[in-house]
$ cat entry.txt   # compact mmCIF, N, CA and C atoms
# COMPACT_ATOMS: atom_id res chain seq x y z
N MET A 333 84.85 31.80 -169.84
CA MET A 333 84.31 30.65 -170.52
C MET A 333 82.92 30.36 -170.00
N SER A 334 82.06 30.09 -170.92
CA SER A 334 80.67 29.81 -170.58
C SER A 334 80.49 28.35 -170.19
N THR A 335 79.44 28.08 -169.47
CA THR A 335 79.17 26.70 -169.07
C THR A 335 78.41 25.93 -170.15
N ILE A 336 77.89 26.63 -171.14
CA ILE A 336 77.11 25.95 -172.19
C ILE A 336 77.95 24.93 -172.96
N PRO A 337 79.16 25.29 -173.44
CA PRO A 337 79.95 24.26 -174.14
C PRO A 337 80.31 23.07 -173.25
N PHE A 338 80.55 23.35 -171.97
CA PHE A 338 80.86 22.26 -171.04
C PHE A 338 79.67 21.30 -170.91
N LEU A 339 78.48 21.85 -170.75
CA LEU A 339 77.29 21.01 -170.61
C LEU A 339 76.97 20.26 -171.91
N GLN A 340 77.24 20.89 -173.05
CA GLN A 340 77.05 20.19 -174.31
C GLN A 340 78.05 19.05 -174.46
N ALA A 341 79.25 19.24 -173.98
CA ALA A 341 80.24 18.16 -174.02
C ALA A 341 79.83 17.02 -173.10
N VAL A 342 79.26 17.35 -171.95
CA VAL A 342 78.77 16.31 -171.04
C VAL A 342 77.64 15.53 -171.71
N ASN A 343 76.71 16.25 -172.35
CA ASN A 343 75.61 15.57 -173.06
C ASN A 343 76.15 14.70 -174.19
N ALA A 344 77.12 15.20 -174.93
CA ALA A 344 77.71 14.43 -176.03
C ALA A 344 78.35 13.16 -175.51
N THR A 345 79.07 13.25 -174.41
CA THR A 345 79.72 12.08 -173.83
C THR A 345 78.69 11.06 -173.35
N ALA A 346 77.65 11.54 -172.69
CA ALA A 346 76.61 10.63 -172.20
C ALA A 346 75.89 9.95 -173.37
N ALA A 347 75.60 10.69 -174.42
CA ALA A 347 74.93 10.09 -175.58
C ALA A 347 75.83 9.08 -176.27
N PHE A 348 77.12 9.36 -176.36
CA PHE A 348 78.06 8.42 -176.97
C PHE A 348 78.13 7.13 -176.17
N VAL A 349 78.18 7.24 -174.85
CA VAL A 349 78.23 6.05 -174.00
C VAL A 349 76.92 5.26 -174.12
N ALA A 350 75.79 5.97 -174.18
CA ALA A 350 74.51 5.27 -174.36
C ALA A 350 74.49 4.53 -175.69
N GLY A 351 75.05 5.15 -176.73
CA GLY A 351 75.15 4.48 -178.03
C GLY A 351 76.01 3.23 -177.95
N LEU A 352 77.11 3.31 -177.22
CA LEU A 352 77.96 2.13 -177.05
C LEU A 352 77.21 1.00 -176.34
N LEU A 353 76.45 1.36 -175.32
CA LEU A 353 75.69 0.33 -174.60
C LEU A 353 74.64 -0.32 -175.50
N PHE A 354 73.93 0.50 -176.29
CA PHE A 354 72.94 -0.06 -177.20
C PHE A 354 73.59 -0.95 -178.24
N MET A 355 74.76 -0.58 -178.73
CA MET A 355 75.44 -1.42 -179.71
C MET A 355 75.93 -2.73 -179.08
N ARG A 356 76.29 -2.68 -177.82
CA ARG A 356 76.67 -3.92 -177.14
C ARG A 356 75.47 -4.85 -176.99
N PHE A 357 74.31 -4.25 -176.64
CA PHE A 357 73.09 -5.06 -176.55
C PHE A 357 72.72 -5.62 -177.92
N TRP A 358 72.94 -4.83 -178.99
CA TRP A 358 72.64 -5.31 -180.34
C TRP A 358 73.56 -6.48 -180.71
N ARG A 359 74.83 -6.37 -180.34
CA ARG A 359 75.78 -7.44 -180.64
C ARG A 359 75.36 -8.75 -179.96
N ASP A 360 74.83 -8.63 -178.74
CA ASP A 360 74.43 -9.83 -178.01
C ASP A 360 73.12 -10.41 -178.52
N SER A 361 72.17 -9.56 -178.92
CA SER A 361 70.83 -10.05 -179.26
C SER A 361 70.51 -10.00 -180.75
N ARG A 362 71.23 -9.20 -181.51
CA ARG A 362 70.96 -8.98 -182.95
C ARG A 362 69.56 -8.42 -183.20
N ASP A 363 69.01 -7.72 -182.22
CA ASP A 363 67.72 -7.04 -182.38
C ASP A 363 67.98 -5.67 -182.99
N SER A 364 67.32 -5.38 -184.11
CA SER A 364 67.60 -4.13 -184.83
C SER A 364 67.21 -2.89 -184.03
N LEU A 365 66.31 -3.03 -183.07
CA LEU A 365 65.94 -1.89 -182.23
C LEU A 365 67.16 -1.29 -181.55
N PHE A 366 68.02 -2.14 -181.04
CA PHE A 366 69.22 -1.65 -180.36
C PHE A 366 70.17 -0.96 -181.32
N ALA A 367 70.28 -1.44 -182.54
CA ALA A 367 71.15 -0.80 -183.53
C ALA A 367 70.62 0.57 -183.90
N PHE A 368 69.31 0.69 -184.11
CA PHE A 368 68.72 1.98 -184.42
C PHE A 368 68.92 2.97 -183.27
N PHE A 369 68.70 2.52 -182.05
CA PHE A 369 68.87 3.41 -180.90
C PHE A 369 70.34 3.80 -180.73
N GLY A 370 71.25 2.87 -180.92
CA GLY A 370 72.67 3.19 -180.82
C GLY A 370 73.09 4.23 -181.85
N GLY A 371 72.65 4.06 -183.10
CA GLY A 371 72.96 5.03 -184.13
C GLY A 371 72.35 6.39 -183.84
N ALA A 372 71.13 6.41 -183.33
CA ALA A 372 70.48 7.68 -183.00
C ALA A 372 71.25 8.41 -181.89
N PHE A 373 71.65 7.69 -180.87
CA PHE A 373 72.39 8.35 -179.79
C PHE A 373 73.75 8.84 -180.26
N TRP A 374 74.39 8.13 -181.19
CA TRP A 374 75.66 8.62 -181.73
C TRP A 374 75.45 9.88 -182.55
N LEU A 375 74.32 9.97 -183.26
CA LEU A 375 74.03 11.20 -184.00
C LEU A 375 73.74 12.36 -183.05
N PHE A 376 73.04 12.09 -181.96
CA PHE A 376 72.84 13.14 -180.95
C PHE A 376 74.18 13.60 -180.39
N SER A 377 75.06 12.67 -180.15
CA SER A 377 76.39 13.01 -179.66
C SER A 377 77.13 13.88 -180.66
N LEU A 378 77.03 13.55 -181.94
CA LEU A 378 77.67 14.35 -182.97
C LEU A 378 77.11 15.77 -183.01
N SER A 379 75.81 15.91 -182.90
CA SER A 379 75.21 17.25 -182.94
C SER A 379 75.65 18.08 -181.75
N TRP A 380 75.70 17.50 -180.57
CA TRP A 380 76.15 18.25 -179.40
C TRP A 380 77.64 18.58 -179.48
N THR A 381 78.41 17.69 -180.05
CA THR A 381 79.84 17.97 -180.21
C THR A 381 80.06 19.12 -181.19
N LEU A 382 79.34 19.10 -182.30
CA LEU A 382 79.46 20.20 -183.26
C LEU A 382 79.04 21.53 -182.64
N LEU A 383 77.97 21.50 -181.86
CA LEU A 383 77.53 22.74 -181.21
C LEU A 383 78.58 23.26 -180.23
N ALA A 384 79.18 22.37 -179.48
CA ALA A 384 80.18 22.79 -178.49
C ALA A 384 81.43 23.33 -179.16
N LEU A 385 81.81 22.75 -180.30
CA LEU A 385 83.04 23.16 -180.96
C LEU A 385 82.87 24.39 -181.85
N ILE A 386 81.75 24.50 -182.53
CA ILE A 386 81.57 25.57 -183.50
C ILE A 386 81.00 26.81 -182.84
N ASN A 387 79.75 26.74 -182.37
CA ASN A 387 79.09 27.88 -181.76
C ASN A 387 77.99 27.35 -180.86
N PRO A 388 78.14 27.49 -179.56
CA PRO A 388 77.15 26.92 -178.63
C PRO A 388 75.75 27.50 -178.79
N ASP A 389 75.63 28.69 -179.36
CA ASP A 389 74.32 29.32 -179.50
C ASP A 389 73.70 29.12 -180.87
N ALA A 390 74.28 28.25 -181.71
CA ALA A 390 73.83 28.09 -183.09
C ALA A 390 72.92 26.88 -183.27
N GLU A 391 72.01 26.66 -182.32
CA GLU A 391 71.13 25.50 -182.43
C GLU A 391 70.15 25.62 -183.58
N THR A 392 70.00 26.82 -184.13
CA THR A 392 69.05 27.01 -185.22
C THR A 392 69.67 26.78 -186.59
N GLN A 393 70.93 26.37 -186.64
CA GLN A 393 71.58 26.10 -187.92
C GLN A 393 70.98 24.85 -188.57
N PRO A 394 70.76 24.88 -189.89
CA PRO A 394 70.10 23.75 -190.56
C PRO A 394 70.85 22.43 -190.44
N TYR A 395 72.18 22.45 -190.42
CA TYR A 395 72.90 21.18 -190.35
C TYR A 395 72.72 20.50 -189.00
N ILE A 396 72.55 21.27 -187.95
CA ILE A 396 72.29 20.67 -186.63
C ILE A 396 70.89 20.05 -186.63
N TYR A 397 69.93 20.78 -187.20
CA TYR A 397 68.57 20.22 -187.29
C TYR A 397 68.55 18.97 -188.15
N ALA A 398 69.32 18.95 -189.22
CA ALA A 398 69.33 17.78 -190.11
C ALA A 398 69.87 16.56 -189.38
N ILE A 399 70.91 16.74 -188.61
CA ILE A 399 71.47 15.62 -187.84
C ILE A 399 70.45 15.11 -186.84
N ARG A 400 69.80 16.03 -186.15
CA ARG A 400 68.79 15.62 -185.16
C ARG A 400 67.58 14.99 -185.83
N LEU A 401 67.21 15.49 -187.01
CA LEU A 401 66.08 14.91 -187.73
C LEU A 401 66.36 13.46 -188.10
N VAL A 402 67.55 13.18 -188.57
CA VAL A 402 67.92 11.80 -188.90
C VAL A 402 67.93 10.95 -187.62
N ALA A 403 68.42 11.50 -186.52
CA ALA A 403 68.45 10.75 -185.26
C ALA A 403 67.03 10.42 -184.78
N PHE A 404 66.14 11.40 -184.83
CA PHE A 404 64.76 11.12 -184.43
C PHE A 404 64.09 10.16 -185.40
N GLY A 405 64.46 10.23 -186.67
CA GLY A 405 63.93 9.26 -187.64
C GLY A 405 64.37 7.85 -187.30
N LEU A 406 65.62 7.69 -186.88
CA LEU A 406 66.09 6.36 -186.46
C LEU A 406 65.32 5.87 -185.24
N LEU A 407 65.02 6.77 -184.31
CA LEU A 407 64.25 6.37 -183.13
C LEU A 407 62.84 5.93 -183.53
N ILE A 408 62.23 6.65 -184.46
CA ILE A 408 60.89 6.29 -184.89
C ILE A 408 60.90 4.96 -185.64
N VAL A 409 61.88 4.77 -186.52
CA VAL A 409 61.96 3.51 -187.27
C VAL A 409 62.21 2.33 -186.32
N GLY A 410 63.05 2.57 -185.33
CA GLY A 410 63.38 1.50 -184.38
C GLY A 410 62.18 1.10 -183.58
$ encode --input "entry.txt" --output "structure tokens"
Amino acid sequence: MSTIPFLQAVNATAAFVAGLLFMRFWRDSRDSLFAFFGGAFWLFSLSWTLLALINPDAETQPYIYAIRLVAFGLLIVG
């Protein structure tokens, strides 16, 4: 077993937890910046989870790029 899927799972978990924290801050303050950041981190978590489950070396697949593009768009909008 390679360490790449393990590290991608660690990244996915960290991004999901960061998204939870941003959503908690959004709930307390109702500032849209926190909602955008929380959604972006959840999308990053989704992309890393898909990579770990499907093919760890398939970062060039268009659906992974599309998920990341939307996540970076949320960061820019926020």
$ atom_distance --input "entry.txt" --atom1 "atom N of Trp374 (chain A)" --atom2 "atom N of Thr335 (chain A)"
23.7 Å
$ closest_residue --input "entry.txt" --among "A:Ser334, A:Ala398, A:Gly351, A:Asn343" --to "Thr381 (chain A)" --atoms "only N, CA and C atoms"
A:Asn343
$ residues_around --input "entry.txt" --residues "Leu382 (chain A)" --least-positions-apart "4" --cutoff "12 Å" --atoms "only C-alpha atoms" --output "list in words"
Pro337, Gln340, Ala341, Asn343, Ala344, Leu375, Phe376, Ser377, Leu378, Ile386, Asn387, Pro388, Asp389, Ala390, Glu391, Gln393, Tyr395, Ile396, Tyr397, Ile399 and Arg400 of chain A
$ write_last_selection --input "entry.txt" --atoms "N, CA and C atoms" --output "mmCIF file, in the coordinates of the input"
data_model
loop_
_atom_site.group_PDB
_atom_site.id
_atom_site.type_symbol
_atom_site.label_atom_id
_atom_site.label_comp_id
_atom_site.auth_asym_id
_atom_site.auth_seq_id
_atom_site.Cartn_x
_atom_site.Cartn_y
_atom_site.Cartn_z
ATOM 1 N N PRO A 337 79.160 25.290 -173.440
ATOM 2 C CA PRO A 337 79.950 24.260 -174.140
ATOM 3 C C PRO A 337 80.310 23.070 -173.250
ATOM 4 N N GLN A 340 77.240 20.890 -173.050
ATOM 5 C CA GLN A 340 77.050 20.190 -174.310
ATOM 6 C C GLN A 340 78.050 19.050 -174.460
ATOM 7 N N ALA A 341 79.250 19.240 -173.980
ATOM 8 C CA ALA A 341 80.240 18.160 -174.020
ATOM 9 C C ALA A 341 79.830 17.020 -173.100
ATOM 10 N N ASN A 343 76.710 16.250 -172.350
ATOM 11 C CA ASN A 343 75.610 15.570 -173.060
ATOM 12 C C ASN A 343 76.150 14.700 -174.190
ATOM 13 N N ALA A 344 77.120 15.200 -174.930
ATOM 14 C CA ALA A 344 77.710 14.430 -176.030
ATOM 15 C C ALA A 344 78.350 13.160 -175.510
ATOM 16 N N LEU A 375 74.320 9.970 -183.260
ATOM 17 C CA LEU A 375 74.030 11.200 -184.000
ATOM 18 C C LEU A 375 73.740 12.360 -183.050
ATOM 19 N N PHE A 376 73.040 12.090 -181.960
ATOM 20 C CA PHE A 376 72.840 13.140 -180.950
ATOM 21 C C PHE A 376 74.180 13.600 -180.390
ATOM 22 N N SER A 377 75.060 12.670 -180.150
ATOM 23 C CA SER A 377 76.390 13.010 -179.660
ATOM 24 C C SER A 377 77.130 13.880 -180.660
ATOM 25 N N LEU A 378 77.030 13.550 -181.940
ATOM 26 C CA LEU A 378 77.670 14.350 -182.970
ATOM 27 C C LEU A 378 77.110 15.770 -183.010
ATOM 28 N N ILE A 386 81.750 24.500 -182.530
ATOM 29 C CA ILE A 386 81.570 25.570 -183.500
ATOM 30 C C ILE A 386 81.000 26.810 -182.840
ATOM 31 N N ASN A 387 79.750 26.740 -182.370
ATOM 32 C CA ASN A 387 79.090 27.880 -181.760
ATOM 33 C C ASN A 387 77.990 27.350 -180.860
ATOM 34 N N PRO A 388 78.140 27.490 -179.560
ATOM 35 C CA PRO A 388 77.150 26.920 -178.630
ATOM 36 C C PRO A 388 75.750 27.500 -178.790
ATOM 37 N N ASP A 389 75.630 28.690 -179.360
ATOM 38 C CA ASP A 389 74.320 29.320 -179.500
ATOM 39 C C ASP A 389 73.700 29.120 -180.870
ATOM 40 N N ALA A 390 74.280 28.250 -181.710
ATOM 41 C CA ALA A 390 73.830 28.090 -183.090
ATOM 42 C C ALA A 390 72.920 26.880 -183.270
ATOM 43 N N GLU A 391 72.010 26.660 -182.320
ATOM 44 C CA GLU A 391 71.130 25.500 -182.430
ATOM 45 C C GLU A 391 70.150 25.620 -183.580
ATOM 46 N N GLN A 393 70.930 26.370 -186.640
ATOM 47 C CA GLN A 393 71.580 26.100 -187.920
ATOM 48 C C GLN A 393 70.980 24.850 -188.570
ATOM 49 N N TYR A 395 72.180 22.450 -190.420
ATOM 50 C CA TYR A 395 72.900 21.180 -190.350
ATOM 51 C C TYR A 395 72.720 20.500 -189.000
ATOM 52 N N ILE A 396 72.550 21.270 -187.950
ATOM 53 C CA ILE A 396 72.290 20.670 -186.630
ATOM 54 C C ILE A 396 70.890 20.050 -186.630
ATOM 55 N N TYR A 397 69.930 20.780 -187.200
ATOM 56 C CA TYR A 397 68.570 20.220 -187.290
ATOM 57 C C TYR A 397 68.550 18.970 -188.150
ATOM 58 N N ILE A 399 70.910 16.740 -188.610
ATOM 59 C CA ILE A 399 71.470 15.620 -187.840
ATOM 60 C C ILE A 399 70.450 15.110 -186.840
ATOM 61 N N ARG A 400 69.800 16.030 -186.150
ATOM 62 C CA ARG A 400 68.790 15.620 -185.160
ATOM 63 C C ARG A 400 67.580 14.990 -185.830
#
$ closest_residue --input "entry.txt" --among "A:Pro394, A:Leu339, A:Leu385, A:Ala372" --to "Leu406 (chain A)" --atoms "only C-alpha atoms"
A:Ala372
$ atom_distance --input "entry.txt" --atom1 "atom C of Gly410 (chain A)" --atom2 "CA of Leu365 (chain A)"
5.0 Å
$ atom_distance --input "entry.txt" --atom1 "CA of Ala367 (chain A)" --atom2 "atom C of Val342 (chain A)"
21.2 Å
$ axis_aligned_box --input "entry.txt" --around "region 345-355 of chain A" --padding-each-side "5 Å" --output "JSON"
{"center_x": 76.3, "center_y": 5.3, "center_z": -176.0, "size_x": 16.8, "size_y": 26.0, "size_z": 17.5}
$ residues_around --input "entry.txt" --residues "Phe354 (chain A)" --least-positions-apart "3" --cutoff "6.5 Å" --atoms "only N, CA and C atoms" --output "short mmCIF file (atom, residue, chain, number, x, y, z; two decimals) with N, CA and C atoms, in the frame of the given file"
data_model
loop_
_atom_site.label_atom_id
_atom_site.label_comp_id
_atom_site.auth_asym_id
_atom_site.auth_seq_id
_atom_site.Cartn_x
_atom_site.Cartn_y
_atom_site.Cartn_z
N VAL A 349 78.18 7.24 -174.85
CA VAL A 349 78.23 6.05 -174.00
C VAL A 349 76.92 5.26 -174.12
N ALA A 350 75.79 5.97 -174.18
CA ALA A 350 74.51 5.27 -174.36
C ALA A 350 74.49 4.53 -175.69
N GLY A 351 75.05 5.15 -176.73
CA GLY A 351 75.15 4.48 -178.03
C GLY A 351 76.01 3.23 -177.95
N PHE A 357 74.31 -4.25 -176.64
CA PHE A 357 73.09 -5.06 -176.55
C PHE A 357 72.72 -5.62 -177.92
N TRP A 358 72.94 -4.83 -178.99
CA TRP A 358 72.64 -5.31 -180.34
C TRP A 358 73.56 -6.48 -180.71
N ARG A 359 74.83 -6.37 -180.34
CA ARG A 359 75.78 -7.44 -180.64
C ARG A 359 75.36 -8.75 -179.96
N PHE A 366 68.02 -2.14 -181.04
CA PHE A 366 69.22 -1.65 -180.36
C PHE A 366 70.17 -0.96 -181.32
N ALA A 367 70.28 -1.44 -182.54
CA ALA A 367 71.15 -0.80 -183.53
C ALA A 367 70.62 0.57 -183.90
N PHE A 369 68.70 2.52 -182.05
CA PHE A 369 68.87 3.41 -180.90
C PHE A 369 70.34 3.80 -180.73
N GLY A 370 71.25 2.87 -180.92
CA GLY A 370 72.67 3.19 -180.82
C GLY A 370 73.09 4.23 -181.85
#
$ closest_residue --input "entry.txt" --among "A:Phe373, A:Ser379, A:Ala384, A:Gly405" --to "Ile336 (chain A)" --atoms "only N, CA and C atoms"
A:Ala384
